[in-house]
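Visitor: Please find final_28.pdb (PDB, C-alpha atoms) on the next line:
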MODEL        1
ATOM      1  CA  MET A   1      -1.993 -19.262  13.153  1.00  0.00           C
ATOM      2  CA  THR A   2       1.123 -18.326  11.219  1.00  0.00           C
ATOM      3  CA  GLN A   3       2.847 -14.977  11.602  1.00  0.00           C
ATOM      4  CA  GLU A   4       1.586 -14.011   8.126  1.00  0.00           C
ATOM      5  CA  ASP A   5      -1.996 -14.839   9.152  1.00  0.00           C
ATOM      6  CA  GLY A   6      -1.539 -12.826  12.320  1.00  0.00           C
ATOM      7  CA  ASP A   7      -0.193  -9.847  10.393  1.00  0.00           C
ATOM      8  CA  LEU A   8      -3.157  -9.943   8.007  1.00  0.00           C
ATOM      9  CA  ASP A   9      -5.594 -10.291  10.900  1.00  0.00           C
ATOM     10  CA  GLY A  10      -4.168  -7.181  12.529  1.00  0.00           C
ATOM     11  CA  LEU A  11      -4.131  -5.323   9.214  1.00  0.00           C
ATOM     12  CA  VAL A  12      -7.829  -6.040   8.605  1.00  0.00           C
ATOM     13  CA  ARG A  13      -8.741  -4.755  12.066  1.00  0.00           C
ATOM     14  CA  LYS A  14      -6.750  -1.570  11.491  1.00  0.00           C
ATOM     15  CA  ARG A  15      -8.467  -1.084   8.130  1.00  0.00           C
ATOM     16  CA  ILE A  16     -11.911  -1.399   9.675  1.00  0.00           C
ATOM     17  CA  ARG A  17     -11.098   1.251  12.258  1.00  0.00           C
ATOM     18  CA  ALA A  18      -9.337   3.535   9.750  1.00  0.00           C
ATOM     19  CA  LEU A  19     -12.265   3.368   7.311  1.00  0.00           C
ATOM     20  CA  ARG A  20     -14.726   4.071  10.114  1.00  0.00           C
ATOM     21  CA  VAL A  21     -12.719   7.068  11.322  1.00  0.00           C
ATOM     22  CA  ALA A  22     -12.319   8.360   7.750  1.00  0.00           C
ATOM     23  CA  GLN A  23     -16.112   8.362   7.411  1.00  0.00           C
ATOM     24  CA  GLY A  24     -16.393  10.286  10.692  1.00  0.00           C
ATOM     25  CA  TRP A  25     -18.470   7.502  12.241  1.00  0.00           C
ATOM     26  CA  SER A  26     -18.527   6.488  15.884  1.00  0.00           C
ATOM     27  CA  LEU A  27     -18.440   2.834  16.934  1.00  0.00           C
ATOM     28  CA  GLU A  28     -22.158   3.080  17.513  1.00  0.00           C
ATOM     29  CA  GLU A  29     -22.913   4.426  14.041  1.00  0.00           C
ATOM     30  CA  LEU A  30     -20.912   1.763  12.193  1.00  0.00           C
ATOM     31  CA  ALA A  31     -22.338  -0.946  14.441  1.00  0.00           C
ATOM     32  CA  THR A  32     -25.847   0.233  13.565  1.00  0.00           C
ATOM     33  CA  ARG A  33     -25.058   0.292   9.844  1.00  0.00           C
ATOM     34  CA  ALA A  34     -23.549  -3.199  10.024  1.00  0.00           C
ATOM     35  CA  ASN A  35     -26.328  -4.505  12.279  1.00  0.00           C
ATOM     36  CA  ILE A  36     -23.950  -5.767  14.954  1.00  0.00           C
ATOM     37  CA  SER A  37     -23.570  -4.720  18.581  1.00  0.00           C
ATOM     38  CA  GLN A  38     -21.283  -1.852  19.499  1.00  0.00           C
ATOM     39  CA  SER A  39     -19.394  -4.056  21.942  1.00  0.00           C
ATOM     40  CA  SER A  40     -18.805  -6.682  19.231  1.00  0.00           C
ATOM     41  CA  LEU A  41     -17.436  -4.044  16.858  1.00  0.00           C
ATOM     42  CA  SER A  42     -15.177  -2.666  19.589  1.00  0.00           C
ATOM     43  CA  ARG A  43     -13.779  -6.161  20.271  1.00  0.00           C
ATOM     44  CA  ILE A  44     -13.248  -6.735  16.534  1.00  0.00           C
ATOM     45  CA  GLU A  45     -11.259  -3.512  16.188  1.00  0.00           C
ATOM     46  CA  ASN A  46      -9.236  -4.213  19.345  1.00  0.00           C
ATOM     47  CA  GLY A  47      -8.430  -7.824  18.505  1.00  0.00           C
ATOM     48  CA  ARG A  48     -10.475  -9.341  21.321  1.00  0.00           C
ATOM     49  CA  ARG A  49     -12.970 -11.070  19.015  1.00  0.00           C
ATOM     50  CA  ARG A  50     -12.293 -13.558  16.240  1.00  0.00           C
ATOM     51  CA  LEU A  51     -12.886 -12.247  12.724  1.00  0.00           C
ATOM     52  CA  ALA A  52     -15.851 -14.094  11.235  1.00  0.00           C
ATOM     53  CA  LEU A  53     -16.420 -14.144   7.469  1.00  0.00           C
ATOM     54  CA  ASP A  54     -20.102 -13.195   7.684  1.00  0.00           C
ATOM     55  CA  GLN A  55     -19.282 -10.167   9.839  1.00  0.00           C
ATOM     56  CA  LEU A  56     -16.462  -9.105   7.518  1.00  0.00           C
ATOM     57  CA  VAL A  57     -18.861  -9.217   4.553  1.00  0.00           C
ATOM     58  CA  THR A  58     -21.363  -7.082   6.459  1.00  0.00           C
ATOM     59  CA  LEU A  59     -18.711  -4.631   7.635  1.00  0.00           C
ATOM     60  CA  ALA A  60     -17.245  -4.286   4.150  1.00  0.00           C
ATOM     61  CA  ARG A  61     -20.677  -3.441   2.773  1.00  0.00           C
ATOM     62  CA  ALA A  62     -21.335  -0.936   5.573  1.00  0.00           C
ATOM     63  CA  LEU A  63     -17.956   0.701   4.928  1.00  0.00           C
ATOM     64  CA  ASP A  64     -18.686   0.969   1.185  1.00  0.00           C
ATOM     65  CA  THR A  65     -15.862  -1.349   0.182  1.00  0.00           C
ATOM     66  CA  THR A  66     -15.527  -4.997  -0.855  1.00  0.00           C
ATOM     67  CA  LEU A  67     -14.439  -8.035   1.113  1.00  0.00           C
ATOM     68  CA  ASP A  68     -11.489  -8.493  -1.265  1.00  0.00           C
ATOM     69  CA  GLN A  69     -10.249  -4.962  -0.591  1.00  0.00           C
ATOM     70  CA  LEU A  70     -10.793  -5.325   3.140  1.00  0.00           C
ATOM     71  CA  VAL A  71      -8.718  -8.521   3.462  1.00  0.00           C
ATOM     72  CA  GLU A  72      -6.116  -8.061   0.700  1.00  0.00           C
ATOM     73  CA  ASN A  73      -2.587  -8.535   1.900  1.00  0.00           C
ATOM     74  CA  ALA A  74      -0.039  -5.735   1.815  1.00  0.00           C
ATOM     75  CA  ALA A  75       1.688  -5.812  -1.557  1.00  0.00           C
ATOM     76  CA  ASP A  76       5.430  -6.325  -1.543  1.00  0.00           C
ATOM     77  CA  ASP A  77       5.784  -4.795  -4.997  1.00  0.00           C
ATOM     78  CA  VAL A  78       4.638  -1.274  -4.151  1.00  0.00           C
ATOM     79  CA  VAL A  79       6.887   0.364  -6.743  1.00  0.00           C
ATOM     80  CA  ILE A  80       5.817  -0.236 -10.351  1.00  0.00           C
ATOM     81  CA  SER A  81       8.294   0.062 -13.203  1.00  0.00           C
ATOM     82  CA  PRO A  82       6.948   1.267 -16.555  1.00  0.00           C
ATOM     83  CA  MET A  83       6.734  -0.858 -19.652  1.00  0.00           C
ATOM     84  CA  ILE A  84       8.801   0.857 -22.344  1.00  0.00           C
ATOM     85  CA  ASP A  85       7.562   1.069 -25.918  1.00  0.00           C
ATOM     86  CA  GLY A  86      10.711   2.122 -27.747  1.00  0.00           C
ATOM     87  CA  THR A  87       8.997   2.128 -31.145  1.00  0.00           C
ATOM     88  CA  HIS A  88       6.501   4.786 -30.121  1.00  0.00           C
ATOM     89  CA  GLY A  89       8.648   6.453 -27.457  1.00  0.00           C
ATOM     90  CA  LEU A  90       6.236   6.064 -24.561  1.00  0.00           C
ATOM     91  CA  MET A  91       6.024   4.575 -21.081  1.00  0.00           C
ATOM     92  CA  ARG A  92       2.967   2.735 -19.757  1.00  0.00           C
ATOM     93  CA  TRP A  93       2.111   1.792 -16.172  1.00  0.00           C
ATOM     94  CA  PRO A  94      -0.680  -0.736 -15.468  1.00  0.00           C
ATOM     95  CA  ILE A  95      -3.071   0.097 -12.634  1.00  0.00           C
ATOM     96  CA  ARG A  96      -3.327  -2.891 -10.331  1.00  0.00           C
ATOM     97  CA  GLY A  97      -6.788  -4.168  -9.520  1.00  0.00           C
ATOM     98  CA  VAL A  98      -8.402  -2.357 -12.450  1.00  0.00           C
ATOM     99  CA  PRO A  99      -8.339  -4.633 -15.525  1.00  0.00           C
ATOM    100  CA  ASP A 100      -7.057  -3.012 -18.716  1.00  0.00           C
ATOM    101  CA  MET A 101      -6.685   0.408 -17.098  1.00  0.00           C
ATOM    102  CA  SER A 102      -3.327   2.071 -17.585  1.00  0.00           C
ATOM    103  CA  VAL A 103      -1.359   5.297 -17.333  1.00  0.00           C
ATOM    104  CA  VAL A 104       0.693   6.420 -20.330  1.00  0.00           C
ATOM    105  CA  ARG A 105       3.299   9.165 -20.444  1.00  0.00           C
ATOM    106  CA  GLN A 106       3.207  10.942 -23.792  1.00  0.00           C
ATOM    107  CA  ARG A 107       5.299  13.604 -25.500  1.00  0.00           C
ATOM    108  CA  LEU A 108       3.270  15.709 -27.898  1.00  0.00           C
ATOM    109  CA  THR A 109       5.010  17.603 -30.690  1.00  0.00           C
ATOM    110  CA  GLU A 110       2.240  18.435 -33.159  1.00  0.00           C
ATOM    111  CA  PRO A 111      -0.979  20.461 -32.850  1.00  0.00           C
ATOM    112  CA  PRO A 112      -4.211  18.462 -33.031  1.00  0.00           C
ATOM    113  CA  PRO A 113      -6.437  18.619 -36.117  1.00  0.00           C
ATOM    114  CA  ASP A 114      -9.454  20.917 -35.912  1.00  0.00           C
ATOM    115  CA  ASN A 115     -11.558  18.740 -38.218  1.00  0.00           C
ATOM    116  CA  PRO A 116     -13.693  16.169 -36.318  1.00  0.00           C
ATOM    117  CA  ALA A 117     -13.493  13.871 -39.361  1.00  0.00           C
ATOM    118  CA  ARG A 118      -9.807  13.350 -38.538  1.00  0.00           C
ATOM    119  CA  MET A 119     -10.457  12.664 -34.843  1.00  0.00           C
ATOM    120  CA  ARG A 120     -11.186   9.395 -33.101  1.00  0.00           C
ATOM    121  CA  ALA A 121     -14.313   8.383 -31.163  1.00  0.00           C
ATOM    122  CA  HIS A 122     -14.760   5.197 -29.150  1.00  0.00           C
ATOM    123  CA  PRO A 123     -16.372   3.973 -25.913  1.00  0.00           C
ATOM    124  CA  GLY A 124     -14.801   4.782 -22.561  1.00  0.00           C
ATOM    125  CA  ARG A 125     -13.403   7.725 -20.624  1.00  0.00           C
ATOM    126  CA  GLU A 126      -9.993   9.327 -20.603  1.00  0.00           C
ATOM    127  CA  TRP A 127      -8.150  11.616 -18.243  1.00  0.00           C
ATOM    128  CA  LEU A 128      -5.040  13.644 -18.927  1.00  0.00           C
ATOM    129  CA  VAL A 129      -2.659  15.579 -16.706  1.00  0.00           C
ATOM    130  CA  VAL A 130      -0.258  18.056 -18.304  1.00  0.00           C
ATOM    131  CA  LEU A 131       3.275  17.678 -16.922  1.00  0.00           C
ATOM    132  CA  SER A 132       4.857  20.441 -19.008  1.00  0.00           C
ATOM    133  CA  GLY A 133       3.894  22.852 -21.755  1.00  0.00           C
ATOM    134  CA  THR A 134       0.348  23.466 -22.955  1.00  0.00           C
ATOM    135  CA  ALA A 135      -1.786  20.681 -24.382  1.00  0.00           C
ATOM    136  CA  ILE A 136      -4.697  21.298 -26.701  1.00  0.00           C
ATOM    137  CA  LEU A 137      -7.716  19.041 -26.325  1.00  0.00           C
ATOM    138  CA  MET A 138     -10.162  19.025 -29.224  1.00  0.00           C
ATOM    139  CA  LEU A 139     -13.657  17.712 -28.524  1.00  0.00           C
ATOM    140  CA  GLY A 140     -15.585  17.935 -31.752  1.00  0.00           C
ATOM    141  CA  HIS A 141     -15.406  21.612 -32.744  1.00  0.00           C
ATOM    142  CA  ARG A 142     -14.547  22.752 -29.189  1.00  0.00           C
ATOM    143  CA  ARG A 143     -10.948  23.606 -28.297  1.00  0.00           C
ATOM    144  CA  PHE A 144      -9.595  23.473 -24.744  1.00  0.00           C
ATOM    145  CA  ARG A 145      -6.195  24.691 -23.551  1.00  0.00           C
ATOM    146  CA  VAL A 146      -4.870  22.553 -20.701  1.00  0.00           C
ATOM    147  CA  GLU A 147      -1.922  24.200 -18.969  1.00  0.00           C
ATOM    148  CA  THR A 148       0.909  22.649 -16.943  1.00  0.00           C
ATOM    149  CA  HIS A 149      -0.465  20.963 -13.792  1.00  0.00           C
ATOM    150  CA  GLN A 150      -4.029  21.154 -15.047  1.00  0.00           C
ATOM    151  CA  ALA A 151      -6.075  18.041 -15.830  1.00  0.00           C
ATOM    152  CA  ALA A 152      -9.023  17.167 -18.046  1.00  0.00           C
ATOM    153  CA  GLU A 153     -11.558  14.349 -18.109  1.00  0.00           C
ATOM    154  CA  PHE A 154     -13.732  13.659 -21.120  1.00  0.00           C
ATOM    155  CA  PRO A 155     -15.999  11.033 -22.700  1.00  0.00           C
ATOM    156  CA  THR A 156     -14.314   9.363 -25.636  1.00  0.00           C
ATOM    157  CA  MET A 157     -17.546   8.812 -27.568  1.00  0.00           C
ATOM    158  CA  MET A 158     -17.108  12.425 -28.688  1.00  0.00           C
ATOM    159  CA  PRO A 159     -14.585  12.848 -31.535  1.00  0.00           C
ATOM    160  CA  HIS A 160     -11.374  13.957 -29.859  1.00  0.00           C
ATOM    161  CA  ALA A 161      -7.686  14.580 -30.391  1.00  0.00           C
ATOM    162  CA  ILE A 162      -4.842  15.837 -28.222  1.00  0.00           C
ATOM    163  CA  GLY A 163      -1.873  17.862 -29.396  1.00  0.00           C
ATOM    164  CA  THR A 164       0.399  20.631 -28.257  1.00  0.00           C
ATOM    165  CA  GLU A 165       0.456  24.393 -28.565  1.00  0.00           C
ATOM    166  CA  GLY A 166       3.773  25.832 -29.663  1.00  0.00           C
ATOM    167  CA  LYS A 167       6.626  23.912 -28.064  1.00  0.00           C
ATOM    168  CA  PRO A 168       6.381  20.188 -27.215  1.00  0.00           C
ATOM    169  CA  SER A 169       4.416  19.197 -24.138  1.00  0.00           C
ATOM    170  CA  GLU A 170       4.299  16.118 -21.959  1.00  0.00           C
ATOM    171  CA  ILE A 171       1.148  14.598 -20.522  1.00  0.00           C
ATOM    172  CA  LEU A 172       0.003  11.610 -18.529  1.00  0.00           C
ATOM    173  CA  GLY A 173      -2.942   9.934 -20.223  1.00  0.00           C
ATOM    174  CA  ILE A 174      -5.153   7.660 -18.118  1.00  0.00           C
ATOM    175  CA  PHE A 175      -7.364   5.217 -19.986  1.00  0.00           C
ATOM    176  CA  ASP A 176     -10.163   3.017 -18.703  1.00  0.00           C
ATOM    177  CA  ARG A 177     -10.755  -0.432 -20.193  1.00  0.00           C
ATOM    178  CA  ASP A 178     -12.854   0.732 -23.145  1.00  0.00           C
ATOM    179  CA  ALA A 179     -10.685   3.751 -23.944  1.00  0.00           C
ATOM    180  CA  ARG A 180      -7.555   1.586 -23.849  1.00  0.00           C
ATOM    181  CA  ARG A 181      -9.136  -0.797 -26.350  1.00  0.00           C
ATOM    182  CA  GLY A 182     -10.167   2.115 -28.538  1.00  0.00           C
ATOM    183  CA  HIS A 183      -6.553   3.263 -28.779  1.00  0.00           C
ATOM    184  CA  GLN A 184      -4.908  -0.096 -29.264  1.00  0.00           C
ATOM    185  CA  GLY A 185      -3.462  -0.417 -32.704  1.00  0.00           C
ATOM    186  CA  GLY A 186      -3.894   3.297 -33.394  1.00  0.00           C
ATOM    187  CA  GLY A 187      -0.843   5.437 -34.247  1.00  0.00           C
ATOM    188  CA  HIS A 188      -2.136   8.810 -33.403  1.00  0.00           C
ATOM    189  CA  GLN A 189      -1.149  11.651 -31.160  1.00  0.00           C
ATOM    190  CA  ALA A 190      -3.422  10.706 -28.289  1.00  0.00           C
ATOM    191  CA  ASP A 191      -1.699   7.329 -28.183  1.00  0.00           C
ATOM    192  CA  GLY A 192       1.574   9.053 -27.456  1.00  0.00           C
ATOM    193  CA  VAL A 193       3.131   8.547 -30.872  1.00  0.00           C
ATOM    194  CA  GLU A 194       5.480  11.485 -31.090  1.00  0.00           C
ATOM    195  CA  GLY A 195       4.950  13.653 -34.102  1.00  0.00           C
ATOM    196  CA  ALA A 196       2.157  11.546 -35.621  1.00  0.00           C
ATOM    197  CA  GLY A 197      -1.155  13.058 -36.562  1.00  0.00           C
ATOM    198  CA  PRO A 198      -4.440  11.478 -35.436  1.00  0.00           C
ATOM    199  CA  ARG A 199      -6.016   8.974 -37.771  1.00  0.00           C
ATOM    200  CA  PRO A 200      -9.749   8.758 -38.363  1.00  0.00           C
ATOM    201  CA  ARG A 201     -11.285   5.677 -36.816  1.00  0.00           C
ATOM    202  CA  ALA A 202     -11.949   2.879 -39.228  1.00  0.00           C
TER     203      ALA A 202
ENDMDL
END
What would the structure in this file look like if it were written as structure tokens?
Guide:
Amino acid sequence: MTQEDGDLDGLVRKRIRALRVAQGWSLEELATRANISQSSLSRIENGRRRLALDQLVTLARALDTTLDQLVENAADDVVISPMIDGTHGLMRWPIRGVPDMSVVRQRLTEPPPDNPARMRAHPGREWLVVLSGTAILMLGHRRFRVETHQAAEFPTMMPHAIGTEGKPSEILGIFDRDARRGHQGGGHQADGVEGAGPRPRA
């Protein structure tokens, strides 16, 4: 066994114990859920029993996680640098392990339209966190003020637009796969295009 294999082996054992403790489960309770003996689980956590694939699959399921997440190696590239879009003046960070999901920092300078015909609707979900100022979220005919340090989550199938109230504001927009696709190629305020008004969806 190489040192790297040994490090991963120890990491997996620590994860199993940490996940069990986080759930508030005793050795006996997790052993029952995983259908293995309590003594076997104790030896797995303490490194006195070899890690077997079939047991790892069972333990991952009992701990409400996946085998991939249970055995993934520690990432060396913990710090993620943003991708800079100089044309639109925004920064985007990909979220590892979640395909097509990303975080976008946006500066809003214009109020949103109040006419749903000028808003966009598409599949997916979006989240936003206001870093500074006051953002205005329009959902159809409803208007929501989102203050600094507040967040909002909304379904994007409803016509929506995001703008600012008064002075410019900065937000973090978080897009799932479908919402990211819905915004690609758009040039509207919710995409982080400073000073641009939302376009109706084609």
Visitor: Could you pull the residues within 9 Å of region 130-143 of chain A, counting only C-alpha atoms, minus those fewer than 3 positions along the same chain, as a ChimeraX atom specification?
Guide: /A:108,111-117,119,146-152,154,156,158-173
Visitor: Between CA of Ala31 (chain A) and CA of Asn46 (chain A), what is the distance, to one decimal in Å?
Guide: 14.4 Å
Visitor: When the PyMOL selection byres ((chain A and resi 34) around 12) is applied to the file above, which residues end up in the set, as a CSV table (one decimal) with C-alpha atoms, in the coordinates of the input?
Guide:
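And here's result23.csv as it stands now:
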chain,number,residue,atom,x,y,z
A,16,ILE,CA,-11.9,-1.4,9.7
A,20,ARG,CA,-14.7,4.1,10.1
A,27,LEU,CA,-18.4,2.8,16.9
A,28,GLU,CA,-22.2,3.1,17.5
A,29,GLU,CA,-22.9,4.4,14.0
A,30,LEU,CA,-20.9,1.8,12.2
A,31,ALA,CA,-22.3,-0.9,14.4
A,32,THR,CA,-25.8,0.2,13.6
A,33,ARG,CA,-25.1,0.3,9.8
A,35,ASN,CA,-26.3,-4.5,12.3
A,36,ILE,CA,-24.0,-5.8,15.0
A,37,SER,CA,-23.6,-4.7,18.6
A,38,GLN,CA,-21.3,-1.9,19.5
A,40,SER,CA,-18.8,-6.7,19.2
A,41,LEU,CA,-17.4,-4.0,16.9
A,54,ASP,CA,-20.1,-13.2,7.7
A,55,GLN,CA,-19.3,-10.2,9.8
A,56,LEU,CA,-16.5,-9.1,7.5
A,57,VAL,CA,-18.9,-9.2,4.6
A,58,THR,CA,-21.4,-7.1,6.5
A,59,LEU,CA,-18.7,-4.6,7.6
A,60,ALA,CA,-17.2,-4.3,4.2
A,61,ARG,CA,-20.7,-3.4,2.8
A,62,ALA,CA,-21.3,-0.9,5.6
A,63,LEU,CA,-18.0,0.7,4.9
A,64,ASP,CA,-18.7,1.0,1.2
Visitor: One number please: CA of Arg177 (chain A) to CA of Glu126 (chain A), in Å, one decimal.
Guide: 9.8 Å
Visitor: To one decimal place in Å, what is the distance between CA of Arg107 (chain A) and CA of Met157 (chain A)?
Guide: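 Going from CA of Arg107 (chain A) over to CA of Met157 (chain A) covers 23.4 Å.
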